[in-house]
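Working notes for the structure below.
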Amino acid sequence: MDDLTKNQISIMKHTISDRDRNWFGTCKGCQDANDFDELVKLGFAEEHKPPSWSGDTALYSLTKEGKKIVSEIELEEFKSRPKITKSKRRYAAFLSLDLEQSFGGWLKDSYWNDYRSSMGV
């Protein structure tokens, strides 16, 4: 796992970026295809025969071992993320709203709206 390049990790993640997705198409001879050929040699991916109409396309999918590696990498990345306190998350949410209101005013309004919602008002 340590000898995978950033691009290999990136294309592996992209290959299974959606729940029902496990494919990656690229042109033969490009960097992504070369990286996938290495992943095939490592047993993390397999190459598939592309449709006749696709020209020089190369199709790949991840093996169970490849999916396992991606899961391990994502878990490692998740664990290494800095922990953000509830207050910092709240302040970041305030900043993302771009309001003409003070942070204190927004907090009071947010608290009041949350309280009213919980009371069914």
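Each chain of the structure tokens is named A, B, ... in the order shown, its residues numbered from 1; ligands are numbered from 1 in display order.
Every protein or nucleic acid residue with an atom no more than 9 Å from Asp56 of chain A, counting only C-alpha atoms and leaving out same-chain residues fewer than 4 positions away, appears here: Thr26, Cys27, Lys28 and Pro50 of chain A.
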So that I can see what lies close to Gln8 of chain A, please list as an MDAnalysis selection string the residues with an atom at most 8 Å from it, counting only C-alpha atoms and leaving out residues fewer than 5 positions away in the same chain. chainID A and resid 32 35:36 39
For the residues in the current selection, export C-alpha atoms as a JSON list (two decimals), in the first residue's frame.
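To be explicit, this is the file written out as out-v3.json:
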[["chain", "number", "residue", "atom", "x", "y", "z"],
["A", 32, "ASP", "CA", -3.84, 6.49, -15.99],
["A", 35, "ASP", "CA", -0.90, 3.24, -13.54],
["A", 36, "PHE", "CA", -3.78, 0.79, -13.89],
["A", 39, "LEU", "CA", -2.41, -2.09, -10.31]]
Report as a PyMOL selection string all protein, DNA and RNA residues lying within 8 Å of Gly66 of chain A, evaluated on only C-alpha atoms, omitting residues in the same chain fewer than 3 positions from it. chain A and resi 12+43-45+62-63+69-70
Those of chain A in DSSP helix (DSSP H, G or I), formatted as a PyMOL selection string: chain A and resi 6-15+31-42+52-54+64-80+86-97+103-118
Using Å and a single decimal, report how far atom CA of Ser54 of chain A sits from atom CA of Arg19 of chain A.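 Straight-line distance from atom CA of Arg19 of chain A to atom CA of Ser54 of chain A works out to 24.7 Å.
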DSSP says strand (DSSP E or B) for which residues of chain A? Put them as a ChimeraX atom specification? /A:24-27,45-48,57-62
